[in-house]
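One structure below.
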Amino acid sequence: MNFSDIFQQNQEVSGGVFAILMGTSLLFGRNGMNTYLSSLFEGFWLNVELFVLTLLMAVPLGLIITFGSMSKFRPLKWLVKTFVWIIRGTPLMLQLFVVLYAPGLLFGVPMKSRMTAALVAFVINYAAYFSEIYRGGIESIPKGQYEAGAVLGMTKSQVFFKVILLQVIKRIVPPMSNEIITLTKDTALARVIGIAEIIMAAERFTKQGLIWPLFSTGLFFLVFNGILTLVLGWLERKLDYFKV
Amino acid sequence: MPILEVKNISKKFGNVEVIKDISFSLEKGETLSIIGSSGSGKTTLLRCLNFLEIPDTGTITVKDEVIFDAADPESGNEKGLRDKRLHFGLVFQSFNLFPQYTVLQNVTLAGMLLAKERPDYKTEKNKINEEITRKAKEILDSVGLSGRLNYYPHQLSGGQQQRVAIARALALNPDILCFDEPTSALDPELTGEVLRVIRELAERKTTMIIVTHEMSFARQVSDNVLFMDDGVVVEYGPPEQVIGNPKEERTKQFLERYFENNNNI
């Protein structure tokens, strides 16, 4: 494929996007277009909020879970492994309901905010997945790296932070990119516990007989993930200066 | 007075006793080669000296100080091990350079981390680090790598990587420098440059223990040779004796097989 082909294709894609937006604006008229777009943006803002907060908390929490699942203290190790098994083995959608209702039903302390419940469920779920990616990354570093650090008089934490960690990060960027992109789309699940994220916002229009708002939500995710893909690709290239 | 005295060291993995009651000593400036077939316990012995394995029995004495005594339960704890390890340097068969650091950083990293524990580190930080860098460059120059300071390990040949590993070990000024089959992972045409560096170290009277399969090299550079078989020391003495004129039947067999195979190539 040569350059002009690519150019042509891109033109077709952007042309398609333009047509959808034009089409919807014709359907709604100018004011209708505004309400529809602003309610979708309002909804998507909740998706972005969930995404950013989940990432910020699940990334470090995952590391703590990893240390637990790699612990030499057997009871802790099995406890953490069971936890990861349950979280990865049940639907995220179900976990959202459990986090929302269980505190009230079991302990008589109902969840005050649905957003908090959604966030807790997402953080726990993603931390469990991240922890397994971290564990794979850590275990893939050859024993010789630890030994080389040890015979040079480094402490265990110096070996981990100065020698091992960056090699692990380099190895986990591709699988983490996958998970992170999945997370953007999973945030849409929050609607099952009544978070008015973008798809829920669009469904209101569907009930009025308009399907286009719902279809166009895909564009929000596409653009967001496009930017994300660029950022993650940049990070991957940044770590290209060494080989592991 | 020997710089290193190893007494009655043994090590079991499960039910297999890999080294059995090994004793030997090493004078300052001496080069000792340990030879023997694969599985004879040579590498385990070296790893015991660097405390990558903790011996089950025996004592290790460096410069008249007992640094390890298997009978003392405190002997194997992590904090104490760090200081003890610094008496020894270890060059691995597979180099084990840190891939994310340049050649120079590989050599300075451990020294700079250790320097943080010095009481004057806060006030003298820059001076200390400059000194570590200066010394590292000097050592890298002596192994012929002054032109590669800012390369990353993956940009170097195996021979160059191993020379960086030697420089990295030398940078901490160990009392005894250990080599675990330093040329076994190298292509034949690259072994020469590594052996040349080790030979120069021997000429400069660096105290060394070399586990090796290079018989003629061991014969040339060693002051003493230790032949191990099945976890025990079978024969020990100057190379002319152990390699040139072995007394023990097992040593003769091993060398015969070795030279036969090498002549066939």
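Just remember, in the structure tokens the first chain shown is A, the second B, etc., residues are 1-based per chain, and ligands are 1-based in the order shown.
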Write out as a tab-separated table (two decimals) with N, CA and C atoms, in the first residue's frame each polymer residue whose atoms come within 8 Å of segment 127-143 of chain A, counting only C-alpha atoms; drop sequence neighbours fewer than 5 positions from it.
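File out.tsv, as written:
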```tsv
chain	number	residue	atom	x	y	z
A	58	ALA	N	-5.95	1.52	40.54
A	58	ALA	CA	-5.74	0.09	40.29
A	58	ALA	C	-4.27	-0.22	39.99
A	59	VAL	N	-3.54	0.73	39.38
A	59	VAL	CA	-2.15	0.47	39.05
A	59	VAL	C	-1.32	0.18	40.31
A	60	PRO	N	-1.36	1.05	41.33
A	60	PRO	CA	-0.61	0.71	42.55
A	60	PRO	C	-1.23	-0.44	43.34
A	61	LEU	N	-2.56	-0.50	43.41
A	61	LEU	CA	-3.18	-1.60	44.17
A	61	LEU	C	-2.80	-2.96	43.56
A	62	GLY	N	-2.71	-2.99	42.23
A	62	GLY	CA	-2.32	-4.23	41.56
A	62	GLY	C	-0.95	-4.71	42.03
A	63	LEU	N	-0.04	-3.75	42.24
A	63	LEU	CA	1.32	-4.12	42.66
A	63	LEU	C	1.28	-4.75	44.06
A	64	ILE	N	0.43	-4.19	44.93
A	64	ILE	CA	0.31	-4.75	46.28
A	64	ILE	C	-0.24	-6.18	46.19
A	65	ILE	N	-1.25	-6.37	45.34
A	65	ILE	CA	-1.82	-7.72	45.16
A	65	ILE	C	-0.75	-8.68	44.63
A	66	THR	N	0.08	-8.17	43.70
A	66	THR	CA	1.16	-9.01	43.16
A	66	THR	C	2.08	-9.50	44.27
A	70	MET	N	2.75	-13.36	45.36
A	70	MET	CA	4.09	-13.93	45.23
A	70	MET	C	4.73	-14.16	46.60
A	84	VAL	N	-8.07	-13.23	43.70
A	84	VAL	CA	-7.88	-12.96	42.27
A	84	VAL	C	-8.73	-13.90	41.42
A	87	ILE	N	-12.37	-12.64	41.55
A	87	ILE	CA	-12.56	-11.40	40.81
A	87	ILE	C	-12.47	-11.65	39.30
A	88	ARG	N	-11.51	-12.48	38.91
A	88	ARG	CA	-11.36	-12.73	37.47
A	88	ARG	C	-12.38	-13.74	36.97
A	164	ILE	N	15.31	-4.29	38.55
A	164	ILE	CA	14.22	-5.13	38.04
A	164	ILE	C	13.07	-4.31	37.47
A	165	LEU	N	12.65	-3.27	38.20
A	165	LEU	CA	11.39	-2.59	37.91
A	165	LEU	C	11.27	-2.10	36.47
A	167	GLN	N	12.79	-3.06	33.83
A	167	GLN	CA	12.71	-4.20	32.90
A	167	GLN	C	11.30	-4.78	32.91
A	168	VAL	N	10.70	-4.82	34.11
A	168	VAL	CA	9.32	-5.32	34.21
A	168	VAL	C	8.38	-4.37	33.45
A	169	ILE	N	8.55	-3.07	33.68
A	169	ILE	CA	7.68	-2.09	33.02
A	169	ILE	C	7.76	-2.26	31.50
A	171	ARG	N	8.43	-4.86	29.85
A	171	ARG	CA	7.74	-6.09	29.41
A	171	ARG	C	6.23	-6.01	29.51
A	172	ILE	N	5.72	-5.21	30.47
A	172	ILE	CA	4.27	-5.23	30.66
A	172	ILE	C	3.55	-4.14	29.90
A	175	PRO	N	0.88	-5.78	27.26
A	175	PRO	CA	-0.35	-6.33	27.84
A	175	PRO	C	-1.15	-5.30	28.64
A	176	MET	N	-0.46	-4.35	29.29
A	176	MET	CA	-1.19	-3.32	30.03
A	176	MET	C	-1.98	-2.43	29.07
A	179	GLU	N	-5.26	-4.02	28.42
A	179	GLU	CA	-6.18	-3.90	29.54
A	179	GLU	C	-6.74	-2.49	29.65
```
Tell me which protein, DNA and RNA residues are within 12 Å of Val231 of chain A, counting only C-alpha atoms, leaving out same-chain ones fewer than 4 positions away, and put them as a count of residues only. 12
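Every protein, DNA or RNA residue with an atom at most 8 Å from Asp229 of chain B, where only C-alpha atoms count and chain neighbours fewer than 6 positions away do not, is listed here: Gly36, Ser37, Ser40, Gly41 and Arg250 of chain B.
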Output the contact residues of chain B with respect to chain A at a cut-off of 7 Å, based on only C-alpha atoms, as a PyMOL selection string. chain B and resi 50+82-83+85-86+89-90+96+98-100+110+152+154
Close residues, Trp45 of chain A itself excluded, 12 Å, only C-alpha atoms, min 4 positions apart in chain, as a PyMOL selection string: chain A and resi 38-41+49-52+184+187-188+195-199+201+220-221+224
Give me every alpha helix (DSSP H) residue in segment 61-150 of chain B, going by DSSP on the backbone, as a PyMOL selection string. chain B and resi 78-85+103-115+121-142
Spatial neighbours of Leu4 of chain B, max dist 8 Å, only C-alpha atoms, sep filter under 4 positions, as a PyMOL selection string: chain B and resi 25-27+60-64
Mind pulling up the distance from atom CA of Arg191 of chain A to atom CA of Thr35 of chain A? 20.1 Å
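Nearest residue to His213 of chain B, choosing from B:Gln162, B:Ile35, B:Ser146, B:Pro73 and counting only C-alpha atoms: B:Ile35.
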Running DSSP on the backbone, which parts of segment 117-237 of chain B land in strand (DSSP E), as a PyMOL selection string? chain B and resi 176-180+208-211+224-229+232-237
Env of Val234 of chain B: 10 Å cut, atoms = only C-alpha atoms, seq-sep filter 5 positions within chain, self excluded. Answer as a list in words. Gly36, Leu226, Phe227, Met228, Asp229, Val242, Lys247, Glu248, Glu249, Arg250 and Thr251 of chain B
Export of the given selection (all heavy atoms) as a PDB file, in the first residue's frame:
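Below is the file that was written, again_10.pdb:
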```pdb
ATOM      1  N   GLY B  36      37.049 -29.548  36.583  1.00  0.00           N
ATOM      2  CA  GLY B  36      36.253 -30.735  36.879  1.00  0.00           C
ATOM      3  C   GLY B  36      35.091 -30.805  35.904  1.00  0.00           C
ATOM      4  O   GLY B  36      34.765 -29.813  35.263  1.00  0.00           O
ATOM      5  N   LEU B 226      42.674 -26.754  41.401  1.00  0.00           N
ATOM      6  CA  LEU B 226      41.929 -27.652  42.274  1.00  0.00           C
ATOM      7  C   LEU B 226      41.009 -28.482  41.392  1.00  0.00           C
ATOM      8  O   LEU B 226      40.199 -27.935  40.650  1.00  0.00           O
ATOM      9  CB  LEU B 226      41.148 -26.784  43.268  1.00  0.00           C
ATOM     10  CG  LEU B 226      40.440 -27.408  44.460  1.00  0.00           C
ATOM     11  CD1 LEU B 226      40.327 -26.362  45.561  1.00  0.00           C
ATOM     12  CD2 LEU B 226      39.084 -27.919  44.092  1.00  0.00           C
ATOM     13  N   PHE B 227      41.178 -29.789  41.425  1.00  0.00           N
ATOM     14  CA  PHE B 227      40.318 -30.654  40.621  1.00  0.00           C
ATOM     15  C   PHE B 227      39.215 -31.233  41.486  1.00  0.00           C
ATOM     16  O   PHE B 227      39.481 -31.847  42.518  1.00  0.00           O
ATOM     17  CB  PHE B 227      41.136 -31.788  39.978  1.00  0.00           C
ATOM     18  CG  PHE B 227      40.266 -32.828  39.315  1.00  0.00           C
ATOM     19  CD1 PHE B 227      39.498 -32.506  38.197  1.00  0.00           C
ATOM     20  CD2 PHE B 227      40.198 -34.130  39.820  1.00  0.00           C
ATOM     21  CE1 PHE B 227      38.673 -33.459  37.604  1.00  0.00           C
ATOM     22  CE2 PHE B 227      39.379 -35.090  39.220  1.00  0.00           C
ATOM     23  CZ  PHE B 227      38.620 -34.750  38.108  1.00  0.00           C
ATOM     24  N   MET B 228      37.986 -30.994  41.074  1.00  0.00           N
ATOM     25  CA  MET B 228      36.845 -31.501  41.833  1.00  0.00           C
ATOM     26  C   MET B 228      36.140 -32.590  41.054  1.00  0.00           C
ATOM     27  O   MET B 228      36.018 -32.518  39.842  1.00  0.00           O
ATOM     28  CB  MET B 228      35.829 -30.371  42.075  1.00  0.00           C
ATOM     29  CG  MET B 228      36.113 -29.546  43.294  1.00  0.00           C
ATOM     30  SD  MET B 228      34.853 -28.266  43.488  1.00  0.00           S
ATOM     31  CE  MET B 228      33.549 -29.196  44.260  1.00  0.00           C
ATOM     32  N   ASP B 229      35.674 -33.594  41.810  1.00  0.00           N
ATOM     33  CA  ASP B 229      34.850 -34.617  41.173  1.00  0.00           C
ATOM     34  C   ASP B 229      33.823 -35.076  42.185  1.00  0.00           C
ATOM     35  O   ASP B 229      34.160 -35.331  43.346  1.00  0.00           O
ATOM     36  CB  ASP B 229      35.724 -35.786  40.714  1.00  0.00           C
ATOM     37  CG  ASP B 229      34.946 -36.743  39.826  1.00  0.00           C
ATOM     38  OD1 ASP B 229      34.127 -36.261  39.016  1.00  0.00           O
ATOM     39  OD2 ASP B 229      35.141 -37.964  39.969  1.00  0.00           O
ATOM     40  N   VAL B 242      48.982 -30.843  38.797  1.00  0.00           N
ATOM     41  CA  VAL B 242      47.595 -31.340  38.673  1.00  0.00           C
ATOM     42  C   VAL B 242      47.215 -31.571  37.209  1.00  0.00           C
ATOM     43  O   VAL B 242      46.608 -32.588  36.866  1.00  0.00           O
ATOM     44  CB  VAL B 242      46.598 -30.374  39.346  1.00  0.00           C
ATOM     45  CG1 VAL B 242      45.161 -30.865  39.163  1.00  0.00           C
ATOM     46  CG2 VAL B 242      46.922 -30.229  40.823  1.00  0.00           C
ATOM     47  N   LYS B 247      48.387 -37.191  39.862  1.00  0.00           N
ATOM     48  CA  LYS B 247      48.653 -38.429  40.601  1.00  0.00           C
ATOM     49  C   LYS B 247      47.405 -39.302  40.676  1.00  0.00           C
ATOM     50  O   LYS B 247      47.482 -40.515  40.623  1.00  0.00           O
ATOM     51  CB  LYS B 247      49.076 -38.089  42.035  1.00  0.00           C
ATOM     52  CG  LYS B 247      50.463 -37.473  42.137  1.00  0.00           C
ATOM     53  CD  LYS B 247      50.936 -37.534  43.599  1.00  0.00           C
ATOM     54  CE  LYS B 247      52.182 -36.712  43.820  1.00  0.00           C
ATOM     55  NZ  LYS B 247      51.866 -35.260  43.887  1.00  0.00           N
ATOM     56  N   GLU B 248      46.255 -38.631  40.821  1.00  0.00           N
ATOM     57  CA  GLU B 248      45.022 -39.379  41.082  1.00  0.00           C
ATOM     58  C   GLU B 248      44.449 -39.950  39.774  1.00  0.00           C
ATOM     59  O   GLU B 248      44.460 -39.281  38.739  1.00  0.00           O
ATOM     60  CB  GLU B 248      43.978 -38.474  41.732  1.00  0.00           C
ATOM     61  CG  GLU B 248      44.391 -37.929  43.076  1.00  0.00           C
ATOM     62  CD  GLU B 248      44.396 -38.999  44.162  1.00  0.00           C
ATOM     63  OE1 GLU B 248      43.571 -39.933  44.071  1.00  0.00           O
ATOM     64  OE2 GLU B 248      45.227 -38.890  45.090  1.00  0.00           O
ATOM     65  N   GLU B 249      43.922 -41.139  39.897  1.00  0.00           N
ATOM     66  CA  GLU B 249      43.352 -41.817  38.739  1.00  0.00           C
ATOM     67  C   GLU B 249      42.218 -40.998  38.110  1.00  0.00           C
ATOM     68  O   GLU B 249      42.117 -40.840  36.899  1.00  0.00           O
ATOM     69  CB  GLU B 249      42.830 -43.196  39.176  1.00  0.00           C
ATOM     70  CG  GLU B 249      42.683 -44.199  38.047  1.00  0.00           C
ATOM     71  CD  GLU B 249      43.943 -44.300  37.173  1.00  0.00           C
ATOM     72  OE1 GLU B 249      45.087 -44.306  37.716  1.00  0.00           O
ATOM     73  OE2 GLU B 249      43.764 -44.325  35.943  1.00  0.00           O
ATOM     74  N   ARG B 250      41.342 -40.420  38.987  1.00  0.00           N
ATOM     75  CA  ARG B 250      40.183 -39.674  38.484  1.00  0.00           C
ATOM     76  C   ARG B 250      40.613 -38.423  37.717  1.00  0.00           C
ATOM     77  O   ARG B 250      39.999 -38.047  36.727  1.00  0.00           O
ATOM     78  CB  ARG B 250      39.259 -39.291  39.655  1.00  0.00           C
ATOM     79  CG  ARG B 250      38.312 -40.421  40.009  1.00  0.00           C
ATOM     80  CD  ARG B 250      37.190 -39.907  40.869  1.00  0.00           C
ATOM     81  NE  ARG B 250      37.641 -39.772  42.269  1.00  0.00           N
ATOM     82  CZ  ARG B 250      36.852 -39.332  43.262  1.00  0.00           C
ATOM     83  NH1 ARG B 250      35.607 -38.949  43.001  1.00  0.00           N
ATOM     84  NH2 ARG B 250      37.295 -39.263  44.489  1.00  0.00           N
ATOM     85  N   THR B 251      41.682 -37.771  38.201  1.00  0.00           N
ATOM     86  CA  THR B 251      42.184 -36.590  37.497  1.00  0.00           C
ATOM     87  C   THR B 251      42.701 -36.984  36.122  1.00  0.00           C
ATOM     88  O   THR B 251      42.421 -36.327  35.108  1.00  0.00           O
ATOM     89  CB  THR B 251      43.323 -35.928  38.301  1.00  0.00           C
ATOM     90  OG1 THR B 251      43.008 -35.970  39.679  1.00  0.00           O
ATOM     91  CG2 THR B 251      43.535 -34.494  37.859  1.00  0.00           C
TER      92      THR B 251
END
```
